[in-house]
file start-v7.txt (compact mmCIF, C-alpha atoms and all ligand atoms)
# COMPACT_ATOMS: atom_id res chain seq x y z
CA MET A 15 78.89 99.91 114.13
CA VAL A 16 80.60 97.13 116.05
CA TYR A 17 82.58 97.90 119.21
CA ASP A 18 83.97 96.38 122.38
CA LEU A 19 84.57 99.48 124.53
CA VAL A 20 82.28 102.48 124.61
CA ARG A 21 84.84 105.27 124.58
CA LEU A 22 84.21 108.93 123.91
CA GLU A 23 84.72 108.20 120.20
CA GLU A 24 81.92 105.62 120.03
CA LYS A 25 79.52 107.90 121.93
CA ALA A 26 80.34 110.80 119.60
CA ILE A 27 79.77 108.67 116.47
CA ILE A 28 76.38 107.50 117.79
CA GLU A 29 75.46 111.12 118.56
CA ALA A 30 76.54 112.29 115.09
CA ALA A 31 74.28 109.66 113.50
CA ARG A 32 71.41 110.65 115.77
CA LYS A 33 71.70 114.24 114.53
CA ARG A 34 71.08 112.94 111.03
CA SER A 35 68.39 110.42 111.93
CA SER A 36 66.19 111.49 109.00
CA GLU A 37 68.64 109.86 106.57
CA VAL A 38 70.91 107.66 108.70
CA GLU A 39 70.13 104.72 110.95
CA LEU A 40 73.09 103.59 113.01
CA LYS A 41 72.82 100.38 115.03
CA ALA A 42 75.60 99.72 117.52
CA PHE A 43 76.55 96.13 118.37
CA ASP A 44 78.74 95.09 121.28
CA SER A 45 81.02 92.45 119.73
CA LYS A 46 80.97 90.58 123.03
CA ASP A 47 77.26 89.77 122.44
CA LEU A 48 77.82 88.36 118.94
CA ARG A 49 78.30 84.83 117.66
CA PHE A 50 78.41 83.59 114.10
CA ASP A 51 77.67 80.43 112.20
CA LEU A 52 80.51 80.61 109.71
CA ILE A 53 78.86 78.11 107.36
CA THR A 54 75.30 79.44 107.14
CA GLY A 55 75.38 82.85 108.85
CA ALA A 56 75.79 85.20 105.88
CA GLY A 57 72.12 85.94 105.24
CA GLU A 58 71.33 86.67 108.88
CA ALA A 59 74.42 88.90 109.19
CA ARG A 60 73.49 90.92 106.12
CA GLU A 61 70.03 91.51 107.55
CA LYS A 62 71.34 92.42 111.00
CA PHE A 63 74.20 94.72 110.02
CA GLY A 64 72.80 96.52 106.97
CA SER A 65 74.80 97.85 104.08
CA ILE A 66 78.00 99.05 105.73
CA VAL A 67 79.75 98.29 109.05
CA LEU A 68 81.99 100.69 110.95
CA GLN A 69 84.58 98.65 112.85
CA ARG A 70 85.44 100.20 116.26
CA CYS A 71 86.77 97.24 118.29
CA ALA A 72 89.83 98.25 120.31
CA SER A 73 91.12 94.70 120.71
CA TYR A 74 93.31 93.94 117.69
CA PHE A 75 92.53 90.22 117.47
CA ARG A 76 88.80 90.70 117.98
CA ASN A 77 88.84 93.50 115.42
CA VAL A 78 90.49 91.56 112.60
CA HIS A 79 88.46 88.39 113.20
CA LEU A 80 85.14 90.21 113.31
CA THR A 81 86.09 92.22 110.22
CA GLY A 82 87.13 89.01 108.45
CA VAL A 83 83.83 87.29 109.28
CA LEU A 84 81.64 90.22 108.17
CA GLU A 85 83.67 90.78 105.01
CA GLY A 86 83.58 87.03 104.36
CA PHE A 87 79.77 87.27 104.56
CA GLY A 88 79.88 89.93 101.83
CA LEU A 89 79.50 93.09 103.92
CA ASP A 90 81.47 96.29 103.38
CA VAL A 91 83.52 96.90 106.56
CA VAL A 92 85.36 100.17 107.32
CA ASN A 93 88.27 99.62 107.50
CA ASN A 94 88.38 96.43 105.47
CA LEU A 95 90.31 93.26 106.35
CA SER A 96 93.35 93.89 104.21
CA THR A 97 93.66 97.43 105.61
CA ALA A 98 93.30 96.11 109.16
CA LEU A 99 95.94 93.42 108.68
CA LEU A 100 98.48 95.67 106.96
CA THR A 101 98.11 98.68 109.28
CA GLY A 102 97.79 96.44 112.36
CA ASN A 103 101.33 95.21 111.79
CA LYS A 104 104.17 97.74 111.90
CA ALA A 105 106.42 95.66 109.62
CA PHE A 106 103.78 95.36 106.89
CA THR A 107 102.99 99.07 107.26
CA THR A 108 106.66 100.01 106.86
CA LEU A 109 106.94 97.88 103.71
CA GLU A 110 103.92 99.62 102.15
CA LEU A 111 105.23 103.09 103.09
CA ALA A 112 108.64 102.29 101.60
CA LYS A 113 107.09 101.00 98.36
CA ALA A 114 105.03 104.19 98.11
CA HIS A 115 108.19 106.30 98.74
CA VAL A 116 106.67 107.86 101.86
CA PRO A 117 109.46 109.08 104.17
CA THR A 118 109.64 106.75 107.21
CA PRO A 119 112.35 105.94 109.78
CA ARG A 120 115.02 103.41 108.79
CA THR A 121 113.75 100.03 109.99
CA MET A 122 114.99 96.43 110.07
CA LEU A 123 113.38 93.12 111.00
CA ALA A 124 114.98 90.03 112.60
CA PHE A 125 113.88 86.83 114.32
CA THR A 126 116.78 85.97 116.63
CA GLN A 127 118.93 87.77 119.18
CA GLU A 128 122.03 87.39 117.02
CA GLU A 129 120.47 88.92 113.90
CA ALA A 130 118.63 91.59 115.90
CA LEU A 131 121.92 92.73 117.48
CA ALA A 132 123.60 92.78 114.06
CA ALA A 133 120.70 94.84 112.70
CA LEU A 134 120.94 97.29 115.62
CA ASP A 135 124.64 97.59 114.95
CA GLU A 136 123.82 98.65 111.39
CA LEU A 137 121.16 101.11 112.56
CA GLY A 138 123.35 102.55 115.32
CA TYR A 139 122.39 103.45 118.92
CA PRO A 140 120.15 104.74 120.41
CA ALA A 141 117.56 102.61 118.62
CA ILE A 142 113.99 101.49 119.15
CA ILE A 143 112.66 97.94 119.53
CA LYS A 144 108.92 97.52 118.92
CA PRO A 145 106.52 94.59 118.74
CA THR A 146 105.04 94.40 115.23
CA ILE A 147 101.51 94.40 116.70
CA GLY A 148 100.55 96.75 119.53
CA SER A 149 99.53 100.27 120.47
CA TRP A 150 99.57 102.98 123.18
CA GLY A 151 103.39 102.80 123.21
CA ARG A 152 103.29 99.40 124.95
CA LEU A 153 106.63 97.52 124.85
CA VAL A 154 108.09 100.19 122.56
CA ALA A 155 111.61 100.33 124.03
CA SER A 156 114.50 102.71 123.43
CA VAL A 157 117.91 101.06 123.82
CA SER A 158 121.05 103.13 124.27
CA ASP A 159 123.65 100.42 123.68
CA VAL A 160 124.21 96.73 123.00
CA ASP A 161 123.87 95.73 126.67
CA ALA A 162 120.48 97.39 126.96
CA ALA A 163 119.42 95.80 123.66
CA LYS A 164 120.45 92.34 124.89
CA SER A 165 118.35 92.72 128.06
CA VAL A 166 115.26 93.81 126.13
CA ILE A 167 115.66 91.01 123.58
CA GLU A 168 116.23 88.37 126.29
CA ASP A 169 113.08 89.51 128.08
CA ARG A 170 111.10 89.33 124.83
CA GLU A 171 112.39 85.79 124.25
CA GLU A 172 110.62 84.77 127.48
CA MET A 173 107.35 86.20 126.16
CA PRO A 174 104.89 84.60 123.68
CA ALA A 175 106.14 83.94 120.14
CA MET A 176 104.68 87.12 118.61
CA TYR A 177 107.31 89.06 120.60
CA HIS A 178 110.18 87.10 119.05
CA VAL A 179 109.79 89.13 115.86
CA PHE A 180 112.10 92.11 116.35
CA TYR A 181 111.10 95.32 114.60
CA LEU A 182 114.13 97.58 114.96
CA GLN A 183 114.22 101.24 114.12
CA GLU A 184 116.65 104.16 114.19
CA ARG A 185 115.75 106.51 117.04
CA VAL A 186 114.80 109.68 115.20
CA ARG A 187 116.20 112.97 116.55
CA ARG A 188 113.14 115.17 116.93
CA PRO A 189 111.56 117.70 119.30
CA PRO A 190 109.83 116.11 122.37
CA GLN A 191 106.60 115.83 120.40
CA ASP A 192 105.07 114.06 117.44
CA ILE A 193 102.00 114.51 115.25
CA ARG A 194 98.73 112.56 115.09
CA ALA A 195 96.64 113.33 112.02
CA VAL A 196 93.20 111.92 111.22
CA VAL A 197 92.39 110.94 107.65
CA VAL A 198 88.78 110.33 106.61
CA GLY A 199 88.44 109.13 103.03
CA ASP A 200 90.70 111.23 100.83
CA ARG A 201 91.31 114.14 103.21
CA THR A 202 93.38 114.87 106.32
CA VAL A 203 90.62 116.41 108.43
CA ALA A 204 92.48 117.43 111.60
CA ALA A 205 95.76 117.03 113.49
CA ILE A 206 97.41 117.58 116.85
CA TYR A 207 100.87 117.78 118.31
CA ARG A 208 101.37 115.25 121.11
CA ILE A 209 103.87 116.71 123.51
CA SER A 210 105.62 114.59 126.10
CA THR A 211 105.16 116.15 129.54
CA THR A 212 106.06 113.22 131.79
CA GLY A 213 109.71 112.86 130.80
CA ASP A 214 108.78 109.70 128.84
CA TRP A 215 110.44 109.83 125.39
CA ARG A 216 107.22 108.35 123.93
CA THR A 217 104.57 110.93 123.13
CA ASN A 218 101.41 108.73 123.17
CA THR A 219 98.56 110.56 124.90
CA ALA A 220 97.86 107.17 126.53
CA ARG A 221 101.20 107.83 128.34
CA GLY A 222 100.37 111.35 129.40
CA GLY A 223 101.35 113.20 126.22
CA LYS A 224 99.62 116.60 126.06
CA ALA A 225 97.65 117.49 122.93
CA GLU A 226 97.72 120.80 121.04
CA ASN A 227 95.87 121.69 117.83
CA LEU A 228 97.94 121.63 114.64
CA PRO A 229 96.29 123.23 111.59
CA VAL A 230 96.55 120.85 108.61
CA SER A 231 99.04 122.31 106.13
CA LYS A 232 99.21 121.29 102.47
CA GLU A 233 102.47 119.45 103.24
CA LEU A 234 100.89 117.50 106.11
CA ASP A 235 97.79 116.64 104.06
CA ASP A 236 99.94 115.45 101.13
CA ILE A 237 102.13 113.15 103.18
CA CYS A 238 99.16 111.69 105.11
CA ILE A 239 97.22 110.99 101.92
CA ARG A 240 100.28 109.38 100.35
CA ALA A 241 100.79 107.34 103.55
CA THR A 242 97.23 105.99 103.61
CA LYS A 243 96.80 105.37 99.85
CA PRO A 244 98.53 101.96 99.90
CA PHE A 245 95.94 100.72 102.42
CA GLY A 246 92.87 101.72 100.42
CA SER A 247 90.07 104.09 101.30
CA GLY A 248 89.10 104.31 104.97
CA ILE A 249 89.56 106.09 108.30
CA PHE A 250 93.08 106.36 109.71
CA GLY A 251 95.22 107.91 112.43
CA VAL A 252 98.61 108.78 110.98
CA ASP A 253 101.59 109.25 113.35
CA LEU A 254 104.43 111.46 112.16
CA MET A 255 107.68 112.84 113.56
CA GLU A 256 109.59 115.95 112.63
CA SER A 257 113.10 114.59 112.12
CA GLU A 258 115.89 117.16 112.55
CA ARG A 259 117.69 115.53 109.61
CA ASP A 260 114.92 114.30 107.31
CA GLY A 261 111.85 116.49 107.93
CA LEU A 262 108.42 114.86 108.28
CA LEU A 263 108.52 111.07 108.68
CA VAL A 264 105.51 108.76 108.99
CA HIS A 265 106.13 106.12 111.65
CA GLU A 266 102.69 104.56 112.02
CA VAL A 267 99.31 104.28 110.28
CA ASN A 268 96.59 103.33 112.79
CA ASN A 269 93.45 101.37 111.98
CA THR A 270 90.27 101.96 114.10
CA THR A 271 91.94 105.10 115.36
CA GLU A 272 91.20 106.88 118.62
CA PHE A 273 90.54 110.57 117.98
CA LYS A 274 89.20 112.10 121.20
CA ASN A 275 92.20 114.41 121.67
CA VAL A 276 92.17 115.49 118.03
CA LEU A 277 88.44 116.19 118.34
CA ALA A 278 88.85 118.17 121.57
CA ARG A 279 91.81 120.27 120.36
CA SER A 280 90.88 120.86 116.72
CA GLY A 281 87.14 121.32 117.16
CA VAL A 282 86.70 119.55 113.80
CA ASP A 283 83.52 117.44 113.69
CA ILE A 284 85.34 114.15 113.06
CA PRO A 285 82.32 111.97 114.04
CA GLY A 286 80.13 113.90 111.56
CA LEU A 287 82.75 113.47 108.84
CA ILE A 288 82.90 109.74 109.58
CA ILE A 289 79.11 109.49 109.17
CA ASP A 290 79.33 111.49 105.90
CA TYR A 291 82.03 109.14 104.66
CA LEU A 292 79.99 106.03 105.52
CA VAL A 293 76.86 107.44 103.87
CA GLY A 294 78.83 108.35 100.71
CA ARG A 295 80.52 104.96 100.58
CA SER A 296 77.29 103.01 101.14
CA LYS A 297 75.71 104.78 98.15
CA LYS A 298 78.53 103.75 95.79
N1 LIG A 301 111.90 105.74 115.64
C1 LIG A 301 111.49 106.54 116.63
N2 LIG A 301 112.26 107.58 117.06
C2 LIG A 301 111.84 108.39 118.07
N3 LIG A 301 110.68 108.23 118.74
C3 LIG A 301 109.87 107.21 118.36
C4 LIG A 301 110.23 106.31 117.29
N4 LIG A 301 109.25 105.41 117.14
C5 LIG A 301 108.31 105.69 118.06
N5 LIG A 301 108.68 106.77 118.81
C6 LIG A 301 107.86 107.34 119.91
O1 LIG A 301 107.16 106.27 120.53
C7 LIG A 301 105.74 106.44 120.37
C8 LIG A 301 105.08 105.07 120.12
O2 LIG A 301 105.55 104.51 118.91
P1 LIG A 301 104.58 103.97 117.77
O3 LIG A 301 105.44 103.39 116.71
O4 LIG A 301 103.61 105.03 117.37
O5 LIG A 301 103.84 102.74 118.51
P2 LIG A 301 102.38 102.59 119.17
O6 LIG A 301 101.64 101.71 118.22
O7 LIG A 301 102.59 101.90 120.46
O8 LIG A 301 101.76 103.97 119.26
C9 LIG A 301 105.60 107.41 119.22
O9 LIG A 301 104.39 108.14 119.31
C10 LIG A 301 106.82 108.31 119.39
O10 LIG A 301 106.61 109.29 120.38
MG MG A 302 101.49 105.31 117.62
call {"tool": "encode", "arguments": {"input": "start-v7.txt", "output": "structure tokens"}}
result
Amino acid sequence: MVYDLVRLEEKAIIEAARKRSSEVELKAFDSKDLRFDLITGAGEAREKFGSIVLQRCASYFRNVHLTGVLEGFGLDVVNNLSTALLTGNKAFTTLELAKAHVPTPRTMLAFTQEEALAALDELGYPAIIKPTIGSWGRLVASVSDVDAAKSVIEDREEMPAMYHVFYLQERVRRPPQDIRAVVVGDRTVAAIYRISTTGDWRTNTARGGKAENLPVSKELDDICIRATKPFGSGIFGVDLMESERDGLLVHEVNNTTEFKNVLARSGVDIPGLIIDYLVGRSKK
């Protein structure tokens, strides 16, 4: 396993491996202690990291670069580079969901203020402006009208270039909650409702959203499996909303997902299932 922060998730995964120490050896590497010779480092990396690497870095850029290096050296990384790049970018994720006919909010993309405002006009207000890369609800803004949209866009134009890509989405009418489901391999193993308690319209638990267990129905499992299929086999956090008009919609597929609230509320042994998945995959 490679990591940068030791969160509850990383501790739980290490503990789950320890419980199975007769068949599993898990070595944990802090990515901040690593360096690589990109020209000659493959052999050493294969020896150091073993047959399969679980990627747990929270930093997006560190995550994709480390995954790219290890995969480039011939190692099997979970999730792999293509999965990390596609799910790490909301625009690429939306394209894959649309191609797979998975219900998702109506979304547009633009690169300038003029085109972004025209797109928002087509979507209608209120609407949501998101960065294509990011998490924890950061810089995800709801705009009620064109004046609010202009202010957000002008602010973004003062920020680094990655924020000049405008991912624009209809604001879905839904209850003050959304769903986080965890997919390991080909199964949705557990889910929670995330309920906004702070008055914030965003439901991220990182913003104070409260978690409640949600038993995984056949409908939820089906949509989550369809939503993760385009990205290959791996471990995912799927975010869904219950639209008043359209039913269940998938709005995000998360790579290197946090799952501490799902673990606490569902009681499902997600770390154990992750170890099972890695063992099964390394034997293939
Ligand atoms: N189109 C939308 N309509 C209504 N609420 C939304 C919409 N998109 C996002 N949200 C709310 O904002 C939160 C953060 O959005 P999300 O796309 O999951 O970005 P992040 O990667 O920051 O978690 C969601 O969990 C949800 O509560
Ligand atoms: Mg999210």
call {"tool": "residues_around", "arguments": {"input": "start-v7.txt", "residues": "Arg216 in chain A", "least_positions_apart": "2", "cutoff": "10 Å", "atoms": "only C-alpha atoms", "output": "VMD selection string"}}
result
chain A and resid 150 to 152 154 to 156 190 to 192 208 to 214 218 to 223
call {"tool": "atom_distance", "arguments": {"input": "start-v7.txt", "atom1": "atom O10 of ligand LIG 301 (chain A)", "atom2": "CA of Asp260 in chain A"}}
result
16.3 Å
call {"tool": "closest_residue", "arguments": {"input": "start-v7.txt", "among": "A:Asn269, A:Thr126, A:Thr217, A:Ser165", "to": "Val197 in chain A", "atoms": "only C-alpha atoms"}}
result
A:Asn269
call {"tool": "residues_near_ligand", "arguments": {"input": "start-v7.txt", "ligand": "ligand MG 302 (chain A)", "cutoff": "9 Å", "atoms": "all atoms listed in the file", "output": "list of chain:residue names"}}
result
A:Gly148, A:Ser149, A:Trp150, A:Gly151, A:Arg194, A:Thr217, A:Asn218, A:Gly251, A:Val252, A:Asp253, A:Leu254, A:His265, A:Glu266, A:Val267, A:Asn268
call {"tool": "axis_aligned_box", "arguments": {"input": "start-v7.txt", "around": "range 166-172 of chain A", "padding_each_side": "6 Å", "output": "AutoDock Vina command-line options"}}
result
--center_x 113.4 --center_y 89.3 --center_z 125.8 --size_x 17.6 --size_y 21.0 --size_z 16.5
call {"tool": "closest_residue", "arguments": {"input": "start-v7.txt", "among": "A:Glu272, A:Glu184, A:Asp159, A:Asp235", "to": "ligand LIG 301 (chain A)", "atoms": "all atoms listed in the file"}}
result
A:Glu184
call {"tool": "residues_around", "arguments": {"input": "start-v7.txt", "residues": "range 171-176 of chain A", "least_positions_apart": "6", "cutoff": "12 Å", "atoms": "all atoms listed in the file", "output": "JSON, numbers by chain"}}
result
{"A": [103, 125, 126, 127, 130, 144, 145, 146, 147, 148, 153, 164, 165]}
call {"tool": "residues_near_point", "arguments": {"input": "start-v7.txt", "point": "(87.7, 88.1, 122.5)", "cutoff": "9 Å", "atoms": "only C-alpha atoms", "output": "ChimeraX atom specification"}}
result
/A:45-46,73,75-77
call {"tool": "write_last_selection", "arguments": {"input": "start-v7.txt", "atoms": "C-alpha atoms", "output": "PDB file, keeping the file's coordinate frame"}}
result
ATOM      1  CA  SER A  45      81.020  92.450 119.730  1.00  0.00           C
ATOM      2  CA  LYS A  46      80.970  90.580 123.030  1.00  0.00           C
ATOM      3  CA  SER A  73      91.120  94.700 120.710  1.00  0.00           C
ATOM      4  CA  PHE A  75      92.530  90.220 117.470  1.00  0.00           C
ATOM      5  CA  ARG A  76      88.800  90.700 117.980  1.00  0.00           C
ATOM      6  CA  ASN A  77      88.840  93.500 115.420  1.00  0.00           C
TER       7      ASN A  77
END
call {"tool": "closest_residue", "arguments": {"input": "start-v7.txt", "among": "A:Leu292, A:Val198, A:Ala114, A:Ala205", "to": "Val276 in chain A", "atoms": "all atoms listed in the file"}}
result
A:Ala205
call {"tool": "atom_distance", "arguments": {"input": "start-v7.txt", "atom1": "CA of Met255 in chain A", "atom2": "CA of Leu134 in chain A"}}
result
20.5 Å
call {"tool": "atom_distance", "arguments": {"input": "start-v7.txt", "atom1": "CA of Ile237 in chain A", "atom2": "CA of Lys113 in chain A"}}
result
14.0 Å
call {"tool": "closest_residue", "arguments": {"input": "start-v7.txt", "among": "A:Val157, A:Ala56, A:Ala124, A:Val293", "to": "ligand LIG 301 (chain A)", "atoms": "only C-alpha atoms and all ligand atoms"}}
result
A:Val157
call {"tool": "closest_residue", "arguments": {"input": "start-v7.txt", "among": "A:Ala163, A:Ile249, A:Ala30, A:Ile66", "to": "Thr97 in chain A", "atoms": "all atoms listed in the file"}}
result
A:Ile249
call {"tool": "decode", "arguments": {"input": "start-v7.txt", "residues": "range 68-85 of chain A", "atoms": "N, CA and C atoms", "output": "PDB file, in the first residue's frame"}}
result
ATOM      1  N   LEU A  68      -1.844  -1.241  -3.555  1.00  0.00           N
ATOM      2  CA  LEU A  68      -3.072  -0.495  -3.263  1.00  0.00           C
ATOM      3  C   LEU A  68      -2.702   0.976  -3.145  1.00  0.00           C
ATOM      4  N   GLN A  69      -3.308   1.799  -3.985  1.00  0.00           N
ATOM      5  CA  GLN A  69      -3.020   3.238  -3.999  1.00  0.00           C
ATOM      6  C   GLN A  69      -3.965   3.958  -3.034  1.00  0.00           C
ATOM      7  N   ARG A  70      -3.405   4.618  -1.998  1.00  0.00           N
ATOM      8  CA  ARG A  70      -4.254   5.319  -1.016  1.00  0.00           C
ATOM      9  C   ARG A  70      -3.877   6.799  -0.851  1.00  0.00           C
ATOM     10  N   CYS A  71      -3.070   7.353  -1.771  1.00  0.00           N
ATOM     11  CA  CYS A  71      -2.675   8.764  -1.606  1.00  0.00           C
ATOM     12  C   CYS A  71      -3.883   9.685  -1.765  1.00  0.00           C
ATOM     13  N   ALA A  72      -4.040  10.615  -0.827  1.00  0.00           N
ATOM     14  CA  ALA A  72      -5.163  11.544  -0.864  1.00  0.00           C
ATOM     15  C   ALA A  72      -4.911  12.674  -1.869  1.00  0.00           C
ATOM     16  N   SER A  73      -3.658  13.065  -2.022  1.00  0.00           N
ATOM     17  CA  SER A  73      -3.350  14.147  -2.959  1.00  0.00           C
ATOM     18  C   SER A  73      -3.506  13.638  -4.389  1.00  0.00           C
ATOM     19  N   TYR A  74      -4.360  14.317  -5.158  1.00  0.00           N
ATOM     20  CA  TYR A  74      -4.666  13.856  -6.517  1.00  0.00           C
ATOM     21  C   TYR A  74      -3.404  13.762  -7.380  1.00  0.00           C
ATOM     22  N   PHE A  75      -2.600  14.825  -7.385  1.00  0.00           N
ATOM     23  CA  PHE A  75      -1.447  14.838  -8.292  1.00  0.00           C
ATOM     24  C   PHE A  75      -0.406  13.806  -7.883  1.00  0.00           C
ATOM     25  N   ARG A  76      -0.198  13.665  -6.564  1.00  0.00           N
ATOM     26  CA  ARG A  76       0.747  12.653  -6.096  1.00  0.00           C
ATOM     27  C   ARG A  76       0.228  11.261  -6.486  1.00  0.00           C
ATOM     28  N   ASN A  77      -1.050  11.058  -6.265  1.00  0.00           N
ATOM     29  CA  ASN A  77      -1.701   9.784  -6.557  1.00  0.00           C
ATOM     30  C   ASN A  77      -1.491   9.372  -8.017  1.00  0.00           C
ATOM     31  N   VAL A  78      -1.832  10.245  -8.949  1.00  0.00           N
ATOM     32  CA  VAL A  78      -1.754   9.812 -10.352  1.00  0.00           C
ATOM     33  C   VAL A  78      -0.304   9.651 -10.810  1.00  0.00           C
ATOM     34  N   HIS A  79       0.600  10.470 -10.292  1.00  0.00           N
ATOM     35  CA  HIS A  79       2.002  10.322 -10.704  1.00  0.00           C
ATOM     36  C   HIS A  79       2.610   9.040 -10.152  1.00  0.00           C
ATOM     37  N   LEU A  80       2.335   8.769  -8.880  1.00  0.00           N
ATOM     38  CA  LEU A  80       2.876   7.543  -8.279  1.00  0.00           C
ATOM     39  C   LEU A  80       2.275   6.310  -8.963  1.00  0.00           C
ATOM     40  N   THR A  81       0.985   6.353  -9.219  1.00  0.00           N
ATOM     41  CA  THR A  81       0.340   5.239  -9.934  1.00  0.00           C
ATOM     42  C   THR A  81       0.971   5.058 -11.311  1.00  0.00           C
ATOM     43  N   GLY A  82       1.181   6.173 -12.012  1.00  0.00           N
ATOM     44  CA  GLY A  82       1.764   6.115 -13.355  1.00  0.00           C
ATOM     45  C   GLY A  82       3.164   5.509 -13.337  1.00  0.00           C
ATOM     46  N   VAL A  83       3.970   5.889 -12.333  1.00  0.00           N
ATOM     47  CA  VAL A  83       5.334   5.362 -12.237  1.00  0.00           C
ATOM     48  C   VAL A  83       5.283   3.854 -11.979  1.00  0.00           C
ATOM     49  N   LEU A  84       4.495   3.435 -10.991  1.00  0.00           N
ATOM     50  CA  LEU A  84       4.469   2.011 -10.625  1.00  0.00           C
ATOM     51  C   LEU A  84       3.903   1.173 -11.769  1.00  0.00           C
ATOM     52  N   GLU A  85       2.849   1.684 -12.393  1.00  0.00           N
ATOM     53  CA  GLU A  85       2.279   0.958 -13.532  1.00  0.00           C
ATOM     54  C   GLU A  85       3.276   0.932 -14.698  1.00  0.00           C
TER      55      GLU A  85
END
